Amino acid sequence: MTAVSSVATVQSRSKPRRLAARTAARLLRLPPHTTDFTVGSVRVPMRDGVQLAADHYRPTTPNPTGTLLVRCPYGRGFPFSTLYAASYAARGYHVVLQSVRGTYGSGGEFTPMSHEISDGADTVAWLREQPWFTGTFGTIGLSYLGFTQWALLVDPPPEMKAAVITVGPHDTSGPRWGPGSFGLNDFLGWSDMVSRQEDASRIRMLLRQLNARRALARATSELPMGEAGRRLLGTHAPWFESWLEHTEPGHPYWSAMRLHHALERCEVPVLLVSGWQDVFFEQTMTQYEQLSRRGVDVALTVGPWTHTHLTTKAAPTVIRESLDWLDSHLAGRPSNRRQPLHVYVNGSGWTDLPAWPPAMPEVVRYLQPGGRLGDAVPPETASPATFTYDPADPTPTLGGRLLAPEGGYRRDDRLAQRADVLSFTGDRLPSDLYVAGTPVLELAHSCDNPHNDLFVRISEVDPKGRSRNVSDGYVRGALDSGTVRIELDPIAHRFRAGWRIRVLVAGGSHPRFARNLGTGEPIVSGRRLATATHTVHLGDGASRLVLPAGARPPSAD
């Protein structure tokens with residue numbers, strides 16, 4: 001390519017991305033641009049000879065703010081080009097937006113999460129040699145782009161001075177097998193999407209997208225799971241069966257995908273961003289707790305968001321707080337952040353907190369006969385409640401922490417009406433009740449089948465009787481007999497006066513979690529099904545809900 005044609009190519013790619021950045025700034029109400037920028041293509045060599053494709057966003061200013069590295073498997077076009085490159089280049093940052101191995105023009109084969117430690121380190125080695133490099137850099141990105149940041153932090157480069165990790169897992173075995181059951185809907189759907197995302201036929205791609213939800217629903221309903229998944233995937237995503245076969249998160253198979261060392265070694269200032277309904281939320285909380293305990297400069301923002309909201313309705317908050325964090329740690333500018341935690345209390349609004357969890361009183365509600373939830377301890381003679389879980393007709397997923405668009409806060413009235421779900425509903429609250437922290441459900445539980453799961457949920461019921469999910473918990477292989485203690489998802493939530501709290505208990509939530517077949521057969525090949533009859537004992541307050549809750553919202557005071 002001649003010098004003239006190279007310049008023309010850079011300009012032809014730069015103009016639409018500058019326009020997109022300005023449009024996004026207006027729509028998202030972002031701080032004003034401080035500079036123009038150009039976009040050029042680069043190739044980054046890896047130690048094994050593979051070259052990775054990247055775009056370099058170069059601000060046209062003699063005094064750049066800093067350098068940012070973004071490593072992505074989903075391409076270098078919209079929305080990533082706008083949200084994680086152009087928006088920062090227009091404010092003075094050099095940005096390298098790189099496609100990970102085996103994706104969008106990068107050499108090698110894409111094997112999820114397997115090469116990110118070495119490829120990230122090689123990219124930083126290349127970055128050091130660039131004449132425009134500002135000497136230090138930060139990282140940004142969500143989801144898989146967050147995992148690539150944790151991969152760098154396993155052995156943090158000395159030049160790395162800041163990270164903004166949005167809904168980014170550090171252990172990708174966890175969301176698949178964390179509660180002991182495979183995250184079927186999310187990770188079969190993700191495998192299908194990512195393995196076909198570069199299909200050259202736009203017509204075929206459009207038809208697949210139109211049929212994607214129906215095809216995924218069909219695949220998740222069939223058995224055996226390995227064969228059903230392969231029918232959906234065809235020749236793509238060769239990793240899927242291996243994910244199903246390795247059922248223990250601690251198995252050596254997952255070692256390249258479990259980056260717990262990053263939490264032990266990281267000294268880099270990290271801004272964590274998540275949503276109460278994000279699939280990786282519990283990992284974000286673990287990251288905050290461990291880094292905070294070690295004295296690392298860490299901050300956390302949690303909004304009322306799902307995973308998909310982070311590139312849509314959450315984008316204004318994410319970009320503004322990211323710019324503030326990066327400007328503070330890369331450019332030495334004063335920060336606008338008042339407290340380490342910036343959290344959204346559902347039903348109330350944003351608040352700033354010095355630490356998580358905030359100090360809250362303890363409120364106990366007992367599961368009672370007749371489907372009631374109250375503060376009175378049931379008598380010792382109270383009859384137990386029973387239900388039968390049938391894997392041939394598994395209890396369905398309604399809302400919750402999913403990658404899929406069906407996730408988040410959803411009406412779940414029909415769950416409470418199912419015969420395979422126990423429902424316990426409290427009286428109307430006389431005043432507002434604020435819950436901030438981790439709810440715990442203690443169940444005196446027995447089951448006639450040792451192969452059984454428990455799915456539990458707290459919902460809120462409005463004055464018209466409409467119910468909506470608030471927090472979930474799941475455990476695979478619950479005890480045949482004894483007390484099961486289930487920690488639900490952490491929440492910050494206002495239950496309004498006049499509303500009611502509801503507890504649901506079921507034997508599964510399919511297809512969010514792969515159904516327990518009830519026979520102990522391997523999940524990848526199992527076909528036989530057996531029911532499980534669960535008994536929840538209520539007498540003498542044996543089963544109860546413990547809430548970190550009070551009449552006042554959590555605050556920094």
# chains A, B, ... in the order shown; residues from 1 in each chain; ligands from 1
call {"tool": "residues_around", "arguments": {"residues": "range 453-465 of chain A", "least_positions_apart": "4", "cutoff": "6 Å", "atoms": "only C-alpha atoms", "output": "ChimeraX atom specification"}}
result
/A:469-478,499-508
call {"tool": "write_last_selection", "arguments": {"atoms": "C-alpha atoms", "output": "compact mmCIF listing (two decimals), in the first residue's frame"}}
result
# COMPACT_ATOMS: atom_id res chain seq x y z
CA ASN A 469 -38.13 -10.90 41.28
CA VAL A 470 -35.61 -9.22 43.60
CA SER A 471 -32.93 -11.79 44.51
CA ASP A 472 -32.15 -15.44 43.71
CA GLY A 473 -30.15 -18.31 45.19
CA TYR A 474 -29.29 -21.76 43.89
CA VAL A 475 -27.63 -24.88 45.24
CA ARG A 476 -26.92 -28.15 43.45
CA GLY A 477 -27.15 -31.38 45.38
CA ALA A 478 -28.98 -30.06 48.43
CA TRP A 499 -46.19 -4.04 49.34
CA ARG A 500 -45.43 -7.61 50.42
CA ILE A 501 -42.34 -9.82 50.47
CA ARG A 502 -42.59 -13.27 48.90
CA VAL A 503 -40.26 -16.27 49.16
CA LEU A 504 -40.31 -18.94 46.45
CA VAL A 505 -38.75 -22.40 46.80
CA ALA A 506 -38.39 -24.73 43.78
CA GLY A 507 -36.27 -27.62 42.53
CA GLY A 508 -34.75 -25.79 39.58
call {"tool": "select_by_dssp", "arguments": {"residues": "range 103-165 of chain A", "states": "helix (DSSP H, G or I)", "output": "list of chain:residue names"}}
result
A:Glu116, A:Ile117, A:Ser118, A:Asp119, A:Gly120, A:Ala121, A:Asp122, A:Thr123, A:Val124, A:Ala125, A:Trp126, A:Leu127, A:Arg128, A:Tyr144, A:Leu145, A:Gly146, A:Phe147, A:Thr148, A:Gln149, A:Trp150, A:Ala151, A:Leu152, A:Leu153
call {"tool": "residues_around", "arguments": {"residues": "range 267-280 of chain A", "least_positions_apart": "6", "cutoff": "6 Å", "atoms": "only C-alpha atoms", "output": "list in words"}}
result
Lys161, Ala162, Ala163, Val164, Ile165, Thr166, Val167, Val296, Asp297, Val298, Ala299, Leu300, Thr301, Val302, Gly303, Pro304, Trp305, Thr306, His307, Arg401, Leu402 and Gly408 of chain A
call {"tool": "select_by_dssp", "arguments": {"residues": "range 21-200 of chain A", "states": "strand (DSSP E)", "output": "PyMOL selection string"}}
result
chain A and resi 37-45+51-59+66-72+93-99+137-142+160-166
call {"tool": "write_last_selection", "arguments": {"atoms": "C-alpha atoms", "output": "mmCIF file, in the first residue's frame"}}
result
data_model
loop_
_atom_site.group_PDB
_atom_site.id
_atom_site.type_symbol
_atom_site.label_atom_id
_atom_site.label_comp_id
_atom_site.auth_asym_id
_atom_site.auth_seq_id
_atom_site.Cartn_x
_atom_site.Cartn_y
_atom_site.Cartn_z
ATOM 1 C CA PHE A 37 -8.491 11.835 16.203
ATOM 2 C CA THR A 38 -7.569 9.471 13.363
ATOM 3 C CA VAL A 39 -7.882 5.686 13.116
ATOM 4 C CA GLY A 40 -5.294 3.376 11.562
ATOM 5 C CA SER A 41 -4.758 -0.392 11.378
ATOM 6 C CA VAL A 42 -1.817 -2.149 13.038
ATOM 7 C CA ARG A 43 -0.597 -5.740 13.439
ATOM 8 C CA VAL A 44 0.713 -6.886 16.811
ATOM 9 C CA PRO A 45 3.152 -9.861 16.878
ATOM 10 C CA GLN A 51 -0.222 -11.536 14.548
ATOM 11 C CA LEU A 52 -3.263 -9.888 16.086
ATOM 12 C CA ALA A 53 -5.219 -7.180 14.278
ATOM 13 C CA ALA A 54 -5.853 -3.861 16.019
ATOM 14 C CA ASP A 55 -7.017 -0.315 15.361
ATOM 15 C CA HIS A 56 -5.017 2.588 16.749
ATOM 16 C CA TYR A 57 -7.071 5.668 17.621
ATOM 17 C CA ARG A 58 -4.586 8.550 17.603
ATOM 18 C CA PRO A 59 -5.664 11.879 19.158
ATOM 19 C CA GLY A 66 -2.741 8.840 28.130
ATOM 20 C CA THR A 67 -2.918 5.410 26.495
ATOM 21 C CA LEU A 68 -5.668 2.797 26.723
ATOM 22 C CA LEU A 69 -5.648 -0.867 25.719
ATOM 23 C CA VAL A 70 -8.873 -2.701 24.845
ATOM 24 C CA ARG A 71 -8.797 -6.405 23.904
ATOM 25 C CA CYS A 72 -12.029 -7.733 22.386
ATOM 26 C CA TYR A 93 -6.330 9.180 24.727
ATOM 27 C CA HIS A 94 -4.368 6.949 22.403
ATOM 28 C CA VAL A 95 -6.519 3.819 22.194
ATOM 29 C CA VAL A 96 -5.496 0.404 20.886
ATOM 30 C CA LEU A 97 -8.618 -1.658 20.146
ATOM 31 C CA GLN A 98 -7.396 -5.187 19.454
ATOM 32 C CA SER A 99 -9.197 -8.318 18.247
ATOM 33 C CA PHE A 137 -1.526 2.907 30.160
ATOM 34 C CA GLY A 138 -4.935 1.888 31.423
ATOM 35 C CA THR A 139 -7.442 -0.735 30.332
ATOM 36 C CA ILE A 140 -11.202 -0.653 29.831
ATOM 37 C CA GLY A 141 -13.964 -2.968 28.664
ATOM 38 C CA LEU A 142 -16.882 -5.159 29.669
ATOM 39 C CA MET A 160 -0.305 -0.320 33.911
ATOM 40 C CA LYS A 161 -1.717 2.406 36.160
ATOM 41 C CA ALA A 162 -5.496 2.025 35.971
ATOM 42 C CA ALA A 163 -8.233 -0.411 34.982
ATOM 43 C CA VAL A 164 -11.974 -0.047 34.472
ATOM 44 C CA ILE A 165 -13.511 -3.522 34.541
ATOM 45 C CA THR A 166 -17.205 -3.618 33.715
#
call {"tool": "atom_distance", "arguments": {"atom1": "CA of Glu406 in chain A", "atom2": "CA of Gly189 in chain A"}}
result
12.4 Å
call {"tool": "residues_around", "arguments": {"residues": "Arg208 in chain A", "least_positions_apart": "4", "cutoff": "12 Å", "atoms": "only C-alpha atoms", "output": "ChimeraX atom specification"}}
result
/A:192-193,196-197,199,201-204,212-216,232-233
call {"tool": "write_last_selection", "arguments": {"atoms": "N, CA and C atoms", "output": "compact mmCIF listing (two decimals), in the first residue's frame"}}
result
# COMPACT_ATOMS: atom_id res chain seq x y z
N ASP A 192 -22.97 -20.31 20.56
CA ASP A 192 -23.56 -20.23 19.23
C ASP A 192 -23.32 -18.86 18.61
N MET A 193 -23.52 -17.81 19.39
CA MET A 193 -23.36 -16.46 18.87
C MET A 193 -21.92 -16.16 18.46
N ARG A 196 -20.34 -17.95 15.38
CA ARG A 196 -20.91 -17.63 14.06
C ARG A 196 -20.88 -16.15 13.74
N GLN A 197 -20.29 -15.34 14.61
CA GLN A 197 -20.42 -13.89 14.46
C GLN A 197 -19.75 -13.31 13.23
N ASP A 199 -19.86 -14.71 10.17
CA ASP A 199 -20.46 -15.30 8.96
C ASP A 199 -20.50 -14.24 7.86
N SER A 201 -22.12 -14.24 5.09
CA SER A 201 -23.43 -14.07 4.46
C SER A 201 -24.34 -13.26 5.36
N ARG A 202 -24.66 -12.05 4.95
CA ARG A 202 -25.53 -11.21 5.77
C ARG A 202 -26.95 -11.76 5.83
N ILE A 203 -27.40 -12.37 4.73
CA ILE A 203 -28.75 -12.94 4.71
C ILE A 203 -28.83 -14.10 5.69
N ARG A 204 -27.82 -14.97 5.65
CA ARG A 204 -27.80 -16.11 6.56
C ARG A 204 -27.71 -15.62 8.01
N ALA A 212 -32.87 -17.16 16.38
CA ALA A 212 -31.93 -17.55 17.43
C ALA A 212 -32.62 -17.95 18.73
N ARG A 213 -33.57 -17.16 19.19
CA ARG A 213 -34.19 -17.44 20.48
C ARG A 213 -34.99 -18.74 20.43
N ARG A 214 -35.71 -18.96 19.33
CA ARG A 214 -36.49 -20.18 19.21
C ARG A 214 -35.58 -21.41 19.11
N ALA A 215 -34.49 -21.27 18.33
CA ALA A 215 -33.56 -22.39 18.18
C ALA A 215 -32.88 -22.73 19.50
N LEU A 216 -32.51 -21.70 20.28
CA LEU A 216 -31.88 -21.93 21.57
C LEU A 216 -32.86 -22.58 22.54
N LEU A 232 -27.52 -27.67 17.62
CA LEU A 232 -27.62 -26.22 17.45
C LEU A 232 -26.33 -25.65 16.88
N LEU A 233 -25.19 -26.09 17.41
CA LEU A 233 -23.90 -25.49 17.05
C LEU A 233 -23.36 -25.96 15.72
call {"tool": "atom_distance", "arguments": {"atom1": "CA of Arg230 in chain A", "atom2": "CA of Asp393 in chain A"}}
result
22.2 Å
call {"tool": "closest_residue", "arguments": {"among": "A:Ser328, A:Thr397, A:Thr483, A:Ser106", "to": "Ala217 in chain A", "atoms": "only C-alpha atoms"}}
result
A:Thr397
call {"tool": "residues_around", "arguments": {"residues": "Pro169 in chain A", "least_positions_apart": "6", "cutoff": "10 Å", "atoms": "only C-alpha atoms", "output": "PyMOL selection string"}}
result
chain A and resi 142-150+175+257-259+279-284+286-287
